[in-house]
Amino acid sequence: MIILTNNPDVQNMLTDRSVCFVEGSYRDVLVRARDMVHQGHRLLTHPLMGSLKPNETPYRSVGLSEEKGSLDFDSLQLIENAIETFDKFAAVTRPDRGSNTPERMLADFRLIDASLLKTALESAEQPPDFRR
Amino acid sequence: MKLELGIIKISDIQFAAESKVEGSTLYVNKDELKALIMEDETFASCELDIARPGESVRITPVKDVIEPRVKVSGEGGVFPGWMAKVKTVGSGRTNVLKGCAVVTTGKIVGFQEGIIDMCGEGAKYTPFSQLNNLVLCVEPVEGTLQHAYEKAVRIAGLKAATYLGKLAKDIEAEEVRTYETPSITEGIKLYPGLPRVGYVLMLQSQGLLHDTYVYGVDAKQSLTTMLYPTETMDGAIISGNCVSACDKNTTYHHLNNPVIEDLYARHGKDLNFVGVIITNENVYLADKERSSDWSAKLCEFLGLDGAIISQEGFGNPDTDLIMNCKKIEAKGVKTVIITDEYAGQDGASQSLADADVAANACVTGGNANTVIHLPKMDKVIGHIEYVDKIAGGWSGSLQEDGSIIAELQVITGATNEMGFNTFSAR
Amino acid sequence: MIKVVHYINQFYAGKGGEEMANIPPEKVKGFVGPGMAFNAAFQGEAEIVATVFCGDSYFNENKEAVDTVIALIKEENPDIVICGPAFNAGRYGVACGTVASEVKAQLGIPTLTGMYDENPGVDMFKSKTIIMKTKDSAAGMRKAVAAMAPVALRMAKGEELGSAAAEGYFPTGIRKGLFEEKRGSERAVDMLLKKLAGEEFETEYPMPQFDRVQPNPAVVDLAHAKVALVTSGGIVPKGNPDHIESSSASHYGKYDIDGVQVLTDKTYETAHGGYDPVYANADPNRVLPVDVMREFEKEGRIGELSHYYYATVGNGTAVASAKKFADTFSKELIADGVQAVILTST
């Protein structure tokens with residue numbers, strides 16, 4: 001699984017895997033994931049995981065397949081919907097949210113993002129993934 | 001399976017020297033209960049407070065709401081896997097302290113959520129403003145990690161509710177409500193002409209602060225499975241979900257699941273309520289495929305004609321909801337889904353993160369982005385400074401006069417997706 | 001007295017038709033053209049204090065036009081702004097919709113316009129301003145004014161409008177909160193029982209409609225198939241002989257490319273006003289790949305390229321119009337023995 005993330009905690013947690021660190025925003029991670037879907041990767045985790053709204057947490061991690069195939073339309077629809085949803089929430093700006101979150105809250109946002117991703121990794125490692 | 005609920009009405013809570021239920025008043029020995037909670041070494045302190053309907057009180061940040069219940073007869077105990085052995089519950093008799101609840105609060109992480117206002121504008125949106133609430137504020141010892149604190153608060157709530165419930169064990173309830181679900185074959189014989197209806201109950205299961213437990217098992221590690229409806233009334237399902245106050249299902253919601261109550265109300269008359277299918281909302285997409293395949297398979301297996309599907313949460317679960325709906329409809333089983341909406345503050349945006357034509361029958365708990373103005377309250381239980389950090393609040397949400405301007409998202413249970421409330425949108 | 005500003009195009013301002021569509025925004029005191037009917041319908045409760053007008057082409061092709069219009073309107077400090085009605089005129093509809101939405105958003109003044117349901121402005125702006133339903137041409141002016149004037153008065157007074165169906169405007173898609181009599185779970189059970197009984201039921205949240213077209217089965221023998229090109233990218237013979245509009249196209253063109261091996265900047269161009277035309281004009285094959293199709297023809301990868309191609313401009317063109325175009329030329333394609341079509345857009 002390729003992990004796209006802008007969350008340093010995820011990078012630190014996963015020293016043994018291919019983590020693709022995105023220097024940028026939550027939205028930048030989604031856009032990069034969309035680009036990879038167009039290149040034939042499949043989404044393996046939900047791009048809107050967690051109940052924290054896109055204008056609250058600045059962190060996002062997304063898991064994609066290592067292998068490339070023909071364009072996966074389910075993945076494309078999911079990531080496009082996610083970007084649309086992100087933009088809907090981003091319309092309401094919150095001075096101390098998103099990219100302006102104070103440091104004492106950032107650590108918690110990083111923690112939530114990393115732990116949700118961890119559940120996906122645990123799921124991925126149970127049986128081999130024979131999906132598709 | 002047959003369960004009788006003995007309804008013991010509670011109209012007031014008072015602190016007293018002895019914990020007991022007398023008439024419709026619940027008396028609580030503060031020190032005794034505190035000592036019980038403080039047995040957990042995670043906690044540095046524990047405060048108890050009471051919030052009654054109509055009082056100028058705000059409770060925040062709310063973690064969970066739990067109704068006190070106790071098993072009078074029948075197998076097992078309330079909250080199996082937590083407060084009782086893992087025995088199948090849902091039969092015999094259970095006494096319920098109706099009209100009161102334990103509310104837990106604590107600042108587990110920096111951002112927080114969940115407001116219960118006992119009067120004013122906010123009280124209209126949360127069902128918990130109608131209850132006499134015993135509020136538990138517990139603080140952890142320094143250095144406690146978030147997940148350990150969350151678990152401790154969750155268990156403290158269950159402990160307190162169990163402690164209160166036991167006070168009603170020997171009371172003969174004046175009102176008894178009976179719920180019964182026959183076996184599949186008996187059901188077919190009993191109600192040959194009635195449509196067979198099931199309930200697909202989706203459980204939040206994304207990870208830290210987003211979990212639900214069934215008989216002590218983390219729902220994300222479970223395959224889609226079945227319950228007798230009455231099992232939920234004995235606390236088979238408890239909430240560990242602390243994010244998204246408006247559309248999370250608290251333990252109180254699971255104990256008083258409105259879909260289950262309303263399906264029972266028509267059971268044997270207009271429909272045959274066959275059972276409950278519980279399924280999860282994981283973040284790993286292959287899990288979603290598997291879980292929704294299983295929901296559809298079980299609907300087919302049970303020979304259902306129709307199913308109600310309720311969701312929990314926003315975003316990621318929208319995908320599970322639509323997958324469940326599509327696949328169940330594809331089996332020829334008619335569905336109604338219950339959800340809520342994030343249509344923007346002006347109500348003009350797309351409400352859900354996913355959609356499908358199969359979802360042609362939808363009940364909504366309203367738009368969680370709706371902006372509301374909550375008046376100042378005389379008393380705040382918990383931590384008001386966290387209002388600015390609440391989901392649905394923002395910097396400046398807390399006004400100088402103590403009132404709050406925020407989105408409906410901040411209110412615990414406001415847009416519940418089990419259809420607990422009358423609030424909706426068109 | 002309620003103060004009204006009226007926005008109209010060059011045609012209704014009496015300046016002329018298409019030849020005057022390039023005039024920039026202007027303002028005159030009082031009413032002009034259809035404003036007279038509005039003023040009469042207000043019955044003394046309101047008055048058009050000024051009329052702002054602009055050429056439709058100018059408005060659609062100049063980004064600053066809307067700012068100028070808004071500035072002109074702002075000076076009047078009106079209680080409500082009425083735009084149009086635009087009936088089925090595409091560019092006028094987009095202009096009315098833009099002005100109405102922007103005035104509402106930027107100045108916080110209520111706005112009202114009117115359109116026919118195939119006007120592309122309806123889908124673009126119905127969530128941003130109230131758009132009353134009208135007939136498809138100015139023949140419906142009297143009826144449109146009679147419907148719009150009282151609604152305008154009530155909006156200016158700050159009254160809440162009733163439902164879209166009752167008032168005659170296009171549903172805005174704006175979600176409004178309410179408390180129902182029954183709780184959600186009970187409504188769900190009621191709805192399910194109706195659905196099971198095959199009775200009518202009303203969903204509380206209609207899912208967004210996506211016009212998804214199921215792909216046809218693959219062409220089995222492409223090497224012997226006759227293939228046609230169809231584009232919404234606006235590639236037309238140089239000079240745009242059919243005058244296909246640069247936006248909100250009202251028609252399409254059918255062009256003979258028998259013997260044409262490659263499109264050049266001397267012979268073809270784009271009529272499309274919605275993208276930078278430099279690259280399409282330099283090499284029109286980029287939008288309508290005649291060059292590659294000819295190569296395929298020679299290599300035997302396709303049977304032949306059809307003699308005709310069809311072109312229109314997809315820029316703000318109503319889905320209903322596009323469907324109508326395709327309904328007509330699909331029959332011709334079939335009659336011509338075409339077995340496959342390559343659709344290109346921009």
# chains A, B, ... in the order shown; residues from 1 in each chain; ligands from 1

call {"tool": "residues_around", "arguments": {"residues": "Pro289 of chain C", "least_positions_apart": "5", "cutoff": "9 Å", "atoms": "only C-alpha atoms", "output": "list in words"}}
result
Leu229, Val262, Leu263, Pro284, Arg294 and Thr344 of chain C

call {"tool": "residues_around", "arguments": {"residues": "Ile7 of chain B", "least_positions_apart": "5", "cutoff": "10 Å", "atoms": "only C-alpha atoms", "output": "PyMOL selection string"}}
result
chain B and resi 69+94-99+171-177

call {"tool": "select_by_dssp", "arguments": {"residues": "segment 12-104 of chain A", "states": "helix (DSSP H, G or I)", "output": "PyMOL selection string"}}
result
chain A and resi 12-13+26-38+73-90+98-100+103-104

call {"tool": "closest_atom_pairs", "arguments": {"of": "chain B", "to": "chain A", "cutoff": "6 Å", "atoms": "only C-alpha atoms", "output": "tab-separated table"}}
result
residue	atom	partner	partner_atom	distance
B:Val109	CA	A:Asp108	CA	6.0
B:Gly110	CA	A:Met105	CA	4.9
B:Gly207	CA	A:Leu116	CA	4.9
B:Val243	CA	A:Ser51	CA	5.9
B:Ser244	CA	A:Ser51	CA	5.8
B:Val283	CA	A:His46	CA	5.4
B:Tyr284	CA	A:Thr45	CA	4.5
B:Leu285	CA	A:Thr45	CA	5.2
B:Phe314	CA	A:Ser51	CA	6.0
B:Gly315	CA	A:Leu48	CA	5.6
B:Asn316	CA	A:Met49	CA	5.1
B:Ala353	CA	A:Asn81	CA	5.9
B:Trp394	CA	A:Arg94	CA	5.5
B:Ser395	CA	A:Pro95	CA	5.9

call {"tool": "interface_residues", "arguments": {"of": "chain C", "to": "chain B", "cutoff": "7 Å", "atoms": "only C-alpha atoms", "output": "mmCIF file with N, CA and C atoms, in the first residue's frame"}}
result
data_model
loop_
_atom_site.group_PDB
_atom_site.id
_atom_site.type_symbol
_atom_site.label_atom_id
_atom_site.label_comp_id
_atom_site.auth_asym_id
_atom_site.auth_seq_id
_atom_site.Cartn_x
_atom_site.Cartn_y
_atom_site.Cartn_z
ATOM 1 N N SER C 127 -29.971 27.980 -7.609
ATOM 2 C CA SER C 127 -29.705 27.902 -6.164
ATOM 3 C C SER C 127 -29.230 29.244 -5.620
ATOM 4 N N GLY C 173 -33.249 24.092 -4.541
ATOM 5 C CA GLY C 173 -32.369 23.046 -4.025
ATOM 6 C C GLY C 173 -31.799 23.444 -2.673
ATOM 7 N N ILE C 174 -32.296 24.543 -2.096
ATOM 8 C CA ILE C 174 -31.787 24.985 -0.798
ATOM 9 C C ILE C 174 -32.534 24.265 0.311
ATOM 10 N N ARG C 175 -31.784 23.643 1.180
ATOM 11 C CA ARG C 175 -32.391 22.840 2.232
ATOM 12 C C ARG C 175 -32.805 23.728 3.393
ATOM 13 N N LYS C 176 -34.064 23.573 3.807
ATOM 14 C CA LYS C 176 -34.561 24.364 4.932
ATOM 15 C C LYS C 176 -34.933 23.444 6.091
ATOM 16 N N GLY C 177 -34.548 23.825 7.276
ATOM 17 C CA GLY C 177 -34.818 23.004 8.448
ATOM 18 C C GLY C 177 -36.257 23.147 8.909
ATOM 19 N N LEU C 178 -36.807 22.091 9.505
ATOM 20 C CA LEU C 178 -38.149 22.157 10.074
ATOM 21 C C LEU C 178 -38.326 21.038 11.092
ATOM 22 N N PHE C 179 -39.273 21.234 12.000
ATOM 23 C CA PHE C 179 -39.627 20.154 12.921
ATOM 24 C C PHE C 179 -40.865 19.450 12.373
ATOM 25 N N GLU C 180 -40.751 18.134 12.176
ATOM 26 C CA GLU C 180 -41.874 17.347 11.676
ATOM 27 C C GLU C 180 -42.761 16.946 12.855
ATOM 28 N N GLU C 181 -43.941 16.406 12.545
ATOM 29 C CA GLU C 181 -44.805 15.951 13.638
ATOM 30 C C GLU C 181 -44.316 14.630 14.225
ATOM 31 N N LYS C 182 -43.879 13.739 13.332
ATOM 32 C CA LYS C 182 -43.411 12.433 13.812
ATOM 33 C C LYS C 182 -41.886 12.405 13.805
ATOM 34 N N ARG C 183 -41.303 11.569 14.669
ATOM 35 C CA ARG C 183 -39.854 11.475 14.642
ATOM 36 C C ARG C 183 -39.384 10.706 13.403
ATOM 37 N N GLY C 184 -38.100 10.825 13.106
ATOM 38 C CA GLY C 184 -37.556 10.282 11.864
ATOM 39 C C GLY C 184 -37.787 8.792 11.692
ATOM 40 N N SER C 185 -37.607 8.017 12.780
ATOM 41 C CA SER C 185 -37.743 6.568 12.674
ATOM 42 C C SER C 185 -39.168 6.181 12.292
ATOM 43 N N GLU C 186 -40.134 6.894 12.842
ATOM 44 C CA GLU C 186 -41.529 6.583 12.531
ATOM 45 C C GLU C 186 -41.842 6.953 11.078
ATOM 46 N N ALA C 188 -39.694 6.856 8.749
ATOM 47 C CA ALA C 188 -39.019 5.830 7.942
ATOM 48 C C ALA C 188 -39.897 4.581 7.826
ATOM 49 N N VAL C 189 -40.518 4.182 8.935
ATOM 50 C CA VAL C 189 -41.388 3.002 8.902
ATOM 51 C C VAL C 189 -42.586 3.273 7.987
ATOM 52 N N LEU C 192 -41.434 3.137 4.404
ATOM 53 C CA LEU C 192 -41.140 1.772 3.951
ATOM 54 C C LEU C 192 -42.431 1.007 3.659
ATOM 55 N N LEU C 196 -43.358 -0.611 0.159
ATOM 56 C CA LEU C 196 -43.641 -2.040 0.040
ATOM 57 C C LEU C 196 -45.010 -2.289 -0.604
ATOM 58 N N THR C 203 -39.710 11.077 -0.867
ATOM 59 C CA THR C 203 -38.439 11.061 -0.161
ATOM 60 C C THR C 203 -38.155 12.457 0.405
ATOM 61 N N GLU C 204 -37.481 12.495 1.555
ATOM 62 C CA GLU C 204 -37.205 13.807 2.159
ATOM 63 C C GLU C 204 -35.956 14.456 1.576
ATOM 64 N N TYR C 205 -35.118 13.630 0.938
ATOM 65 C CA TYR C 205 -33.939 14.179 0.278
ATOM 66 C C TYR C 205 -33.801 13.519 -1.089
ATOM 67 N N PRO C 206 -34.269 14.196 -2.141
ATOM 68 C CA PRO C 206 -34.119 13.602 -3.470
ATOM 69 C C PRO C 206 -32.636 13.552 -3.826
ATOM 70 N N MET C 207 -32.162 12.375 -4.220
ATOM 71 C CA MET C 207 -30.746 12.232 -4.580
ATOM 72 C C MET C 207 -30.449 13.095 -5.797
#

call {"tool": "select_by_dssp", "arguments": {"residues": "segment 204-241 of chain C", "states": "strand (DSSP E or B)", "output": "VMD selection string"}}
result
chain C and resid 226 to 231 233 235 to 237

call {"tool": "write_last_selection", "arguments": {"atoms": "C-alpha atoms", "output": "PDB file, in the first residue's frame"}}
result
ATOM      1  CA  LYS C 226     -17.925   3.779 -40.944  1.00  0.00           C
ATOM      2  CA  VAL C 227     -16.930   6.262 -38.251  1.00  0.00           C
ATOM      3  CA  ALA C 228     -18.129   9.856 -37.852  1.00  0.00           C
ATOM      4  CA  LEU C 229     -16.760  12.758 -35.821  1.00  0.00           C
ATOM      5  CA  VAL C 230     -19.012  14.928 -33.656  1.00  0.00           C
ATOM      6  CA  THR C 231     -17.729  17.767 -31.499  1.00  0.00           C
ATOM      7  CA  GLY C 233     -15.590  22.016 -29.287  1.00  0.00           C
ATOM      8  CA  ILE C 235     -14.619  23.488 -34.873  1.00  0.00           C
ATOM      9  CA  VAL C 236     -16.245  25.080 -37.959  1.00  0.00           C
ATOM     10  CA  PRO C 237     -15.103  26.038 -41.468  1.00  0.00           C
TER      11      PRO C 237
END

call {"tool": "atom_distance", "arguments": {"atom1": "atom CA of Val52 of chain C", "atom2": "atom CA of Ile131 of chain C"}}
result
18.7 Å

call {"tool": "residues_around", "arguments": {"residues": "Glu281 of chain B", "least_positions_apart": "6", "cutoff": "8 Å", "atoms": "only C-alpha atoms", "output": "ChimeraX atom specification"}}
result
/B:202-206,220,288,316-317,320

call {"tool": "write_last_selection", "arguments": {"atoms": "C-alpha atoms", "output": "PDB file, in the first residue's frame"}}
result
ATOM      1  CA  MET B 202     -24.685   0.810  10.799  1.00  0.00           C
ATOM      2  CA  LEU B 203     -22.104   1.259  13.549  1.00  0.00           C
ATOM      3  CA  GLN B 204     -19.310   3.833  13.604  1.00  0.00           C
ATOM      4  CA  SER B 205     -16.020   1.891  13.493  1.00  0.00           C
ATOM      5  CA  GLN B 206     -13.240   4.002  12.030  1.00  0.00           C
ATOM      6  CA  LYS B 220     -14.536  -2.805  13.087  1.00  0.00           C
ATOM      7  CA  LYS B 288     -16.692  -1.742   3.117  1.00  0.00           C
ATOM      8  CA  ASN B 316     -16.752   7.954   5.071  1.00  0.00           C
ATOM      9  CA  PRO B 317     -20.049   6.390   6.298  1.00  0.00           C
ATOM     10  CA  ASP B 320     -21.156   2.560   3.391  1.00  0.00           C
TER      11      ASP B 320
END
